[in-house]
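Heads up, final-v9.csv below (CSV, C-alpha atoms):
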chain,number,residue,atom,x,y,z
A,69,MET,CA,91.8,113.9,82.3
A,70,ASP,CA,88.7,114.1,80.2
A,71,LYS,CA,88.6,114.4,76.4
A,72,ARG,CA,87.6,118.1,76.5
A,73,THR,CA,90.6,119.0,78.7
A,74,THR,CA,92.9,117.1,76.4
A,75,ASN,CA,91.5,118.8,73.3
A,76,MET,CA,92.0,122.2,75.0
A,77,GLU,CA,95.6,121.4,75.9
A,78,ASP,CA,96.3,120.2,72.3
A,79,ALA,CA,94.8,123.4,70.9
A,80,THR,CA,96.9,125.5,73.3
A,81,THR,CA,100.1,123.6,72.4
A,82,CYS,CA,99.3,124.0,68.7
A,83,ARG,CA,98.7,127.8,69.2
A,84,GLU,CA,102.0,128.1,71.0
A,85,ASN,CA,103.8,126.2,68.3
A,86,HIS,CA,102.4,128.6,65.6
A,87,ARG,CA,103.4,131.6,67.8
A,88,HIS,CA,106.9,130.2,68.3
A,89,SER,CA,107.3,129.9,64.5
A,90,TRP,CA,106.0,133.4,63.9
A,91,ASP,CA,108.1,134.8,66.8
A,92,LYS,CA,111.2,133.9,64.9
A,93,THR,CA,110.1,136.3,62.1
A,94,GLN,CA,109.8,139.3,64.3
A,95,HIS,CA,112.1,142.2,63.5
A,96,ASN,CA,111.2,145.0,65.9
A,97,ASP,CA,114.5,146.8,65.6
A,98,ILE,CA,113.4,148.5,62.4
A,99,VAL,CA,115.2,151.8,63.1
A,100,HIS,CA,118.5,150.2,63.9
A,101,ARG,CA,118.5,147.8,61.0
A,102,LEU,CA,117.1,150.1,58.3
A,103,SER,CA,119.2,153.1,59.3
A,104,LYS,CA,122.4,151.1,58.8
A,105,THR,CA,121.8,149.4,55.5
A,106,ASN,CA,120.0,149.6,52.2
A,107,ILE,CA,116.4,148.5,52.2
A,108,VAL,CA,115.8,145.4,50.2
A,109,TYR,CA,112.2,145.2,49.0
A,110,ASP,CA,110.5,142.0,50.0
A,111,GLY,CA,108.7,141.8,46.6
A,112,GLU,CA,111.8,142.8,44.6
A,113,LYS,CA,114.9,141.1,45.9
A,114,LYS,CA,117.1,142.8,43.4
A,115,CYS,CA,115.8,146.2,44.1
A,116,THR,CA,117.2,148.2,47.0
A,117,LEU,CA,116.6,151.7,48.5
A,118,GLN,CA,119.4,153.7,50.0
A,119,VAL,CA,118.6,155.0,53.4
A,120,ASN,CA,119.5,158.7,53.3
A,121,GLN,CA,119.2,161.3,56.0
A,122,GLY,CA,115.6,161.9,55.2
A,123,PHE,CA,114.7,158.3,55.6
A,124,PHE,CA,116.7,158.0,58.8
A,125,SER,CA,114.9,161.0,60.3
A,126,LEU,CA,111.6,159.4,59.3
A,127,PHE,CA,112.5,156.1,60.9
A,128,GLN,CA,113.6,157.9,64.1
A,129,LYS,CA,110.0,159.2,64.5
A,130,LEU,CA,108.6,155.7,64.3
A,131,GLU,CA,108.2,153.7,67.5
A,132,ASN,CA,107.2,150.1,67.9
A,133,PRO,CA,103.4,150.5,68.4
A,134,PHE,CA,103.1,147.0,70.0
A,135,SER,CA,104.2,146.6,73.6
A,136,ASP,CA,105.5,143.3,75.0
A,137,LYS,CA,102.1,142.9,76.7
A,138,THR,CA,99.9,140.3,74.9
A,139,LEU,CA,96.3,141.4,74.2
A,140,ASP,CA,93.4,139.2,75.2
A,141,THR,CA,91.2,139.4,72.1
A,142,CYS,CA,91.7,140.5,68.5
A,143,SER,CA,89.2,140.9,65.7
A,144,VAL,CA,90.6,140.7,62.2
A,145,VAL,CA,88.1,141.9,59.7
A,146,GLY,CA,88.3,140.7,56.2
A,147,ASN,CA,86.2,142.4,53.6
A,148,GLY,CA,84.2,139.5,52.3
A,149,GLY,CA,80.7,139.7,51.2
A,150,ILE,CA,79.7,137.2,53.8
A,151,LEU,CA,79.7,140.1,56.3
A,152,GLY,CA,76.7,141.7,54.6
A,153,ASN,CA,73.6,141.4,56.8
A,154,SER,CA,75.6,139.4,59.3
A,155,GLY,CA,74.9,141.6,62.3
A,156,CYS,CA,78.5,141.0,63.5
A,157,GLY,CA,79.4,144.7,64.2
A,158,LYS,CA,79.0,144.6,68.0
A,159,MET,CA,80.9,141.3,68.3
A,160,ILE,CA,83.7,142.7,66.2
A,161,ASP,CA,83.9,145.9,68.2
A,162,SER,CA,84.0,144.0,71.5
A,163,ALA,CA,87.6,142.9,71.0
A,164,ASP,CA,90.5,144.6,72.6
A,165,PHE,CA,92.1,145.2,69.3
A,166,VAL,CA,90.4,145.5,65.9
A,167,ILE,CA,92.3,145.2,62.6
A,168,ARG,CA,90.8,146.2,59.3
A,169,CYS,CA,92.1,145.9,55.8
A,170,ASN,CA,92.6,148.2,52.8
A,171,LEU,CA,90.8,151.3,54.1
A,172,ALA,CA,87.5,149.4,54.2
A,173,PRO,CA,84.4,151.6,54.4
A,174,LEU,CA,82.8,152.1,57.8
A,175,GLU,CA,79.8,154.2,56.9
A,176,THR,CA,76.6,154.0,59.0
A,177,GLU,CA,75.0,151.6,56.5
A,178,PHE,CA,77.7,149.0,57.3
A,179,GLU,CA,78.2,149.5,61.0
A,180,LYS,CA,75.7,146.9,62.2
A,181,ASP,CA,77.6,144.3,60.2
A,182,VAL,CA,81.2,145.3,60.4
A,183,GLY,CA,81.4,147.6,63.5
A,184,SER,CA,83.3,150.9,63.6
A,185,LYS,CA,86.1,150.4,66.2
A,186,THR,CA,89.6,150.4,64.5
A,187,ASP,CA,93.0,150.0,66.1
A,188,LEU,CA,94.9,149.2,62.9
A,189,VAL,CA,93.9,149.6,59.3
A,190,THR,CA,96.0,148.8,56.2
A,191,ALA,CA,96.1,150.9,53.1
A,192,ASN,CA,96.6,149.4,49.6
A,193,PRO,CA,98.7,151.7,47.4
A,194,SER,CA,96.3,151.0,44.5
A,195,ILE,CA,93.6,152.8,46.5
A,196,LEU,CA,95.9,155.8,47.0
A,197,ASN,CA,96.7,155.8,43.3
A,198,ILE,CA,93.3,155.4,41.9
A,199,LYS,CA,90.9,157.0,44.4
A,200,TYR,CA,93.2,159.8,45.5
A,201,GLN,CA,95.3,160.4,42.3
A,202,ALA,CA,98.5,159.2,44.0
A,203,LEU,CA,98.2,162.3,46.3
A,204,MET,CA,99.6,164.4,43.6
A,205,GLY,CA,96.8,166.9,43.6
A,206,LEU,CA,94.2,167.7,46.2
A,207,ARG,CA,95.0,165.8,49.4
A,208,ARG,CA,92.1,166.9,51.6
A,209,PRO,CA,89.8,164.2,50.5
A,210,PHE,CA,92.3,161.5,51.6
A,211,VAL,CA,92.7,163.1,55.0
A,212,ASP,CA,88.9,163.4,55.4
A,213,SER,CA,88.5,159.7,54.6
A,214,LEU,CA,90.8,158.8,57.5
A,215,ARG,CA,88.6,160.5,60.1
A,216,LYS,CA,86.5,157.4,60.6
A,217,TYR,CA,89.6,155.5,61.8
A,218,GLY,CA,90.4,158.0,64.5
A,219,SER,CA,93.8,157.7,66.0
A,220,SER,CA,94.4,154.2,64.8
A,221,LEU,CA,97.6,152.8,63.2
A,222,LEU,CA,97.7,153.2,59.4
A,223,LEU,CA,99.9,150.4,58.0
A,224,LEU,CA,101.5,151.4,54.7
A,225,PRO,CA,103.4,148.9,52.5
A,226,ALA,CA,106.1,151.4,51.6
A,227,PHE,CA,108.8,148.7,51.2
A,228,SER,CA,107.0,145.8,49.6
A,229,ALA,CA,107.7,147.0,46.1
A,230,SER,CA,109.6,150.0,44.8
A,231,ILE,CA,106.5,151.3,42.9
A,232,ASN,CA,104.7,151.8,46.3
A,233,THR,CA,107.4,153.8,48.1
A,234,ALA,CA,106.7,157.3,46.7
A,235,VAL,CA,102.9,157.3,47.2
A,236,CYS,CA,103.2,155.8,50.7
A,237,LEU,CA,105.7,158.5,51.7
A,238,ARG,CA,103.3,161.1,50.3
A,239,ALA,CA,100.6,159.6,52.5
A,240,VAL,CA,102.8,160.0,55.5
A,241,HIS,CA,103.7,163.6,54.7
A,242,THR,CA,100.0,164.4,54.0
A,243,ILE,CA,99.0,163.0,57.4
A,244,GLU,CA,101.7,165.2,59.0
A,245,ASP,CA,100.8,168.3,57.0
A,246,PHE,CA,97.1,168.1,57.9
A,247,LYS,CA,97.9,167.0,61.5
A,248,SER,CA,95.7,164.0,61.2
A,249,PRO,CA,95.5,161.9,64.4
A,250,ILE,CA,96.0,158.6,62.5
A,251,GLN,CA,99.5,157.1,63.1
A,252,PRO,CA,101.4,155.8,60.0
A,253,VAL,CA,103.5,152.8,60.4
A,254,PHE,CA,105.6,150.5,58.2
A,255,LEU,CA,106.3,146.8,58.3
A,256,ASN,CA,109.9,145.8,58.0
A,257,PRO,CA,110.4,144.1,54.6
A,258,GLN,CA,112.5,141.4,56.4
A,259,TYR,CA,109.4,140.6,58.5
A,260,LEU,CA,107.3,140.2,55.3
A,261,ASP,CA,109.9,138.1,53.7
A,262,SER,CA,110.0,135.8,56.7
A,263,LEU,CA,106.2,135.5,56.7
A,264,ALA,CA,106.3,134.4,53.0
A,265,GLN,CA,109.0,131.8,53.8
A,266,PHE,CA,107.0,130.5,56.8
A,267,TRP,CA,103.8,130.1,54.8
A,268,ARG,CA,105.6,128.4,52.0
A,269,SER,CA,106.9,125.9,54.5
A,270,GLU,CA,103.3,125.3,55.5
A,271,GLY,CA,102.5,124.4,51.9
A,272,LEU,CA,100.9,127.6,50.7
A,273,LYS,CA,101.9,128.4,47.2
A,274,GLU,CA,101.0,131.9,45.8
A,275,ARG,CA,102.9,134.8,44.3
A,276,ARG,CA,102.2,137.1,47.3
A,277,LEU,CA,100.4,136.7,50.6
A,278,SER,CA,97.2,138.7,50.9
A,279,THR,CA,96.9,141.6,53.3
A,280,GLY,CA,94.3,139.6,55.2
A,281,LEU,CA,96.6,136.6,55.8
A,282,ILE,CA,99.4,139.0,56.9
A,283,MET,CA,97.1,140.7,59.3
A,284,VAL,CA,95.9,137.3,60.7
A,285,THR,CA,99.5,136.3,61.3
A,286,LEU,CA,100.3,139.6,63.0
A,287,ALA,CA,97.2,139.2,65.2
A,288,LEU,CA,98.4,135.7,66.3
A,289,GLU,CA,101.6,137.3,67.5
A,290,LEU,CA,99.7,140.1,69.4
A,291,CYS,CA,96.7,138.3,70.9
A,292,LYS,CA,95.7,135.3,72.9
A,293,ASN,CA,92.4,134.9,71.2
A,294,VAL,CA,92.0,135.8,67.5
A,295,HIS,CA,88.6,136.0,65.8
A,296,LEU,CA,88.2,136.3,62.1
A,297,TYR,CA,85.3,137.9,60.3
A,298,GLY,CA,84.7,138.3,56.6
A,299,PHE,CA,87.1,135.6,55.5
A,300,TRP,CA,85.1,133.6,53.0
A,301,PRO,CA,86.5,133.5,49.4
A,302,PHE,CA,83.6,131.8,47.7
A,303,GLY,CA,80.6,133.0,45.8
A,304,ASN,CA,77.8,131.4,47.9
A,305,HIS,CA,77.1,131.7,51.6
A,306,PRO,CA,78.2,128.5,53.5
A,307,TYR,CA,74.8,128.2,55.2
A,308,GLY,CA,72.1,130.0,53.2
A,309,LEU,CA,73.8,129.1,49.9
A,310,TYR,CA,72.7,132.4,48.4
A,311,THR,CA,75.0,134.4,46.1
A,312,LEU,CA,77.5,136.8,47.8
A,313,THR,CA,79.3,139.8,46.5
A,314,ASN,CA,83.1,139.6,46.7
A,315,HIS,CA,83.3,142.4,49.3
A,316,TYR,CA,80.6,143.6,51.7
A,317,TYR,CA,80.7,147.0,49.9
A,318,ASP,CA,81.3,146.1,46.3
A,319,ASP,CA,81.7,143.1,43.9
A,320,ARG,CA,85.2,143.9,42.6
A,321,PRO,CA,87.1,140.7,41.8
A,322,VAL,CA,90.3,139.6,43.5
A,323,ASN,CA,93.5,139.4,41.4
A,324,LYS,CA,93.7,135.6,41.2
A,325,TYR,CA,97.1,135.9,39.5
A,326,VAL,CA,98.6,137.3,42.7
A,327,HIS,CA,96.6,135.8,45.5
A,328,SER,CA,95.2,132.3,46.0
A,329,MET,CA,92.3,133.0,48.4
A,330,PRO,CA,90.9,129.5,48.5
A,331,ALA,CA,94.3,128.1,49.4
A,332,GLU,CA,94.7,130.7,52.1
A,333,PHE,CA,91.3,129.9,53.5
A,334,ASP,CA,92.3,126.2,53.7
A,335,GLN,CA,95.1,127.3,56.1
A,336,LEU,CA,92.7,129.5,58.1
A,337,LEU,CA,90.2,126.6,58.4
A,338,ARG,CA,93.0,124.3,59.5
A,339,MET,CA,94.0,126.7,62.3
A,340,HIS,CA,90.4,127.0,63.3
A,341,SER,CA,90.0,123.2,63.6
A,342,GLN,CA,93.2,123.2,65.7
A,343,GLY,CA,91.9,125.9,68.1
A,344,VAL,CA,94.6,128.4,67.0
A,345,LEU,CA,92.0,131.0,66.0
A,346,ARG,CA,88.2,131.3,65.5
A,347,LEU,CA,86.6,131.7,62.1
A,348,HIS,CA,83.1,133.3,62.2
A,349,LEU,CA,81.2,132.3,59.1
A,350,GLY,CA,77.6,132.6,60.2
A,351,ASP,CA,75.0,135.2,61.2
A,352,CYS,CA,76.0,136.8,64.5
A,353,LYS,CA,72.4,137.8,65.2
A,354,THR,CA,71.3,134.2,65.5
A,355,GLY,CA,74.6,132.8,66.9
A,356,ASP,CA,75.3,130.6,63.8
A,357,ASN,CA,79.0,131.5,63.7

What is this structure when it is put down as structure tokens?
Amino acid sequence: MDKRTTNMEDATTCRENHRHSWDKTQHNDIVHRLSKTNIVYDGEKKCTLQVNQGFFSLFQKLENPFSDKTLDTCSVVGNGGILGNSGCGKMIDSADFVIRCNLAPLETEFEKDVGSKTDLVTANPSILNIKYQALMGLRRPFVDSLRKYGSSLLLLPAFSASINTAVCLRAVHTIEDFKSPIQPVFLNPQYLDSLAQFWRSEGLKERRLSTGLIMVTLALELCKNVHLYGFWPFGNHPYGLYTLTNHYYDDRPVNKYVHSMPAEFDQLLRMHSQGVLRLHLGDCKTGDN
């Protein structure tokens, strides 16, 4: 057996070990569990939400969007400034399943770098609160902004913290009222709590996992081959050494009190070196990735 074959087998074993750990965290019976108990927020252990008939009816409408079939390739798109002028759009869109974070913009000016295909996109409640006035007034601008994501899944963190619940539910009702094709979904807070415990056991210490790391973990459960783009938490490009904006669309800083992006990146780099996933840090146009 040659060295290359041994390395490939080691990488496969490592990937399966990670998947086995994450498989333990899966809680796909969200309707059954949440309809028979109070919801405990994963970010507020002392805070619970009573499941009334309204919630029960809402949960009954939700189906597990992920079949038992494993997908071949996933692209997880972070929003890092490293994506600017990367030319990675076509490579990102070539995956079977594309995950995007925090309602990231997909306007024409960004398409060559970040692509346009979307199968799942997350929504940060702060965006709903600030950009769309918590959906307390005009709701059409929010619905219009979702068109670029087509009929993808919209992941809402309704049960991460009690302050998020109302605006996330208003988003669901707005989508229903305007008959938007996008499909709202929730993550079970028990799943999120298990993810936090898993990453703590791996040595990651931070107040809350970033959306990006949660989506990477989810992708590792869904896909055989996971490719990451836009995950680079530093101010200079790794190859050109020129200055980067924090996001490919703006330079708004990360809340360092909540997230530890460099520590998360160390975990991603470790998994890349083990063959669990593939980090793309270069220019896709020249193949330096």

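Of the listed residues (A:Gly298, A:Gly111, A:Pro249, A:Gly122), A:Gly298 comes nearest to A:Gly155; the distances count all atoms listed in the file.
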
Query raised in the report: Looking at all atoms listed in the file, which of A:Arg208, A:Ile167, A:Ser194, A:Phe333 is the one that sits closest to A:Asp245?
Result: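 Counting all atoms listed in the file, the residue closest to A:Asp245 is A:Arg208.
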
Query - For A:Leu139, the nearest of the candidates A:Ala234, A:Met159, A:Leu288, A:Leu255, counting only C-alpha atoms - result: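 Nearest to A:Leu139: A:Leu288.
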
Query raised in the report: How many Å separate atom CA of A:Leu312 from atom CA of A:Leu336?
Result: 19.8 Å

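Residue nearest A:Phe178 within the list A:Gly149, A:Gln335, A:Asp351, A:Gly343: A:Gly149 [criterion: smallest interatomic distance, only C-alpha atoms].
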
Query raised in the report: Can you list, as a ChimeraX atom specification, every protein, DNA or RNA residue that comes within 10 Å of A:Tyr217 when you count all atoms listed in the file, leaving out same-chain residues fewer than 3 positions away?
Result: /A:168,171-174,184-189,213-214,220-222,249-250

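Between atom CA of A:Pro330 and atom CA of A:Glu274 the separation is 10.7 Å.
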
Query raised in the report: Which residues come within 10 Å of A:Gly157, counting all atoms listed in the file, excluding same-chain residues fewer than 2 positions away, as JSON, numbers by chain?
Result: {"A": [151, 153, 154, 155, 159, 160, 161, 162, 178, 179, 180, 181, 182, 183, 184, 185, 297, 352, 353]}

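Take atom CA of A:Leu263 and atom CA of A:Leu277: the distance between them is 8.5 Å.
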